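Working notes for the structure below.
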Amino acid sequence: MDSNEENKGATPPEAKTLSAGPGENHAPAEQPLVEQVNDNAYSASDYTYGTSQPGNPMPYAPAKPVSAPAAPKTAEAGGGFRRLPPPPGGGGDGGGGDDDEPGMLRMSFLEHLEELRVRLFYAVGGFGVAFVLSLTFCHQLWDIVSQPAVAALTSLGIKPPSLVQISPMEGFNVIWVKVPCLTSIFLASPWLLYQVWAFVSPGLYKREKKWAVPFVVSTAGLFITGGLFAYFVAFRYGLTFLLGVGRDVHVTPMVSINEYFDLFVNVTLGIGLVFEMPILIFFLTLLRIVTPKFLISHSRYAILIITIIAAVVTPTPDVFNLLLFATPMILLFFVGVFASYLLMLNREGKKFPWGKVLLFAILALMVLGAIAWLLLVRMHFSFIGKWPFLVR
């Protein structure tokens with residue numbers, strides 16, 4: 001018998017150590033479900049791997065028992081483990097976190113659509129009430145809307161200083177439909193903005209819902225302020241310039257009420273929307289899209305863009321009216337940057353030094369008052385309602 005046959009009949013030394021005697025129990029020992037030893041208890045020396053080539057049999061490698069899923073554990077002195085306690089305040093689906101904050105509603109997609117339908121119904125109803133109220137005073141409202149044109153024609157010496165109706169439907173469309181609609185937009189703007197807030201508020205936390213009143217008041221206030229600025233300042237100067245362009249070359253202006261009202265709407269609504277710039281900057285900062293440092297470092301580009309927008313919105317090509325539009329827009333940009341800075345201070349738990357700022361503002365107003373008193377009393381200047389505003 002050769003050596004290969006002897007090797008086939010021989011028992012490997014490792015296997016001999018695992019064989020049991022005649023009176024011993026062959027049942028495997030019960031393995032614990034969860035190990036109570038450190039991970040270092042199993043070293044690399046306990047496991048050896050061989051090959052299945054002839055003459056080099058694979059040694060027996062006991063399998064590591066599989067532990068059942070358990071809660072997170074941490075090591076203790078002595079090699080054991082203990083279960084970690086649950087995080088304080090709950091979390092996840094257990095409640096107690098921000099997702100389950102009291103007062104926060106959870107709505108399905110269909111419930112969102114239903115909420116949108118209700119808010120649209122309320123918004124249209126509020127606009128309708130404002131339209132009916134404006135329709136009651138449509139003649140008085142038209143007198144207010146046409147007053148800048150009458151003043152511009154009067155200053156240019158055009159007699160009679162009146163607008164003209166070219167088509168039969170122009171008077172009805174403008175006086176009885178368009179003017180009440182424009183007035184209703186400004187009158188109902190607080191109600192419309194509140195409906196927007198009411199639609200998004202179910203998805204906000206309780207600490208964020210307290211912004212409802214500041215949002216509605218500031219947004220509607222800036223929109224109405226922009227419309228008033230357009231009516232009393234920007235539109236009047238621009239219209240006087242435009243109507244007087246051809247006066248020296250024997251051109252008599254004859255403006256239809258439709259063309260006049262279209263220009264009036266473009267200027268008033270355009271400037272009203274531009275005055276919302278601080279609100280836009282504030283929400284961009286709230287969403288962490290921009291920061292005050294980013295806005296200040298790129299302010300030169302913002303001023304350039306504002307000047308281009310003012311050149312497009314300005315109804316006249318002269319530099320004076322361009323500056324008349326661009327200056328308040330630039331000031332509003334820096335007001336938005338200031339609001340963004342206040343938001344960042346609130347996030348960092350800091351306070352703004354209002355006392356020092358108010359003291360500086362009072363001193364600046366006192367200096368301006370002293371300069372005005374010097375010009376009006378000592379130097380005998382007088383104030384007029386047009387450029388250059390001060391004449392001797």
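Ligands are numbered from 1 in the order shown, chains are lettered A, B, ... in the order of the structure tokens, and residues start at 1 in each chain.
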Quiz item: Which neighbours of Glu170 in chain A fall inside 10 Å, counting only C-alpha atoms, when residues of the same chain fewer than 6 positions from it are skipped, and could you give them as number ranges by chain?
Solution: A: 164, 176, 256-259
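Around Val335 in chain A, within 9 Å and counting only C-alpha atoms, the residues found are Met277, Pro278, Ile330 and Ser340 of chain A, once anything fewer than 5 positions away on its own chain is removed.
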Quiz item: Between A:Val200, A:Leu368, A:Ala234, A:Leu263, which one has atoms that come closest to Glu115 in chain A, using only C-alpha atoms?
Solution: A:Val200
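The gap separating CA of Ser189 in chain A from CA of Pro292 in chain A is 28.8 Å, in Å to one decimal.
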Exercise. List the neighbours of Leu153 in chain A out to 12 Å using only C-alpha atoms; skip same-chain residues closer than 4 positions along the sequence, and give me the result as a count of residues only.
Key: 23
Exercise. Could you pull out the residues in range 120-309 of chain A that DSSP calls alpha helix (DSSP H) from the backbone, as an MDAnalysis selection string?
Key: chainID A and resid 120:136 138:155 170:171 179:187 189:200 206:209 212:229 235:243 257:274 277:286 292:297 299:309
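One distance worth recording is that between CA of Ala151 in chain A and CA of Pro328 in chain A, which is 24.1 Å.
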Practice problem: Would you please work out which residue, of A:Ser201, A:Ser108, A:Ser218, A:Gln165, is nearest to Tyr260 in chain A when using only C-alpha atoms? | Solution: A:Gln165
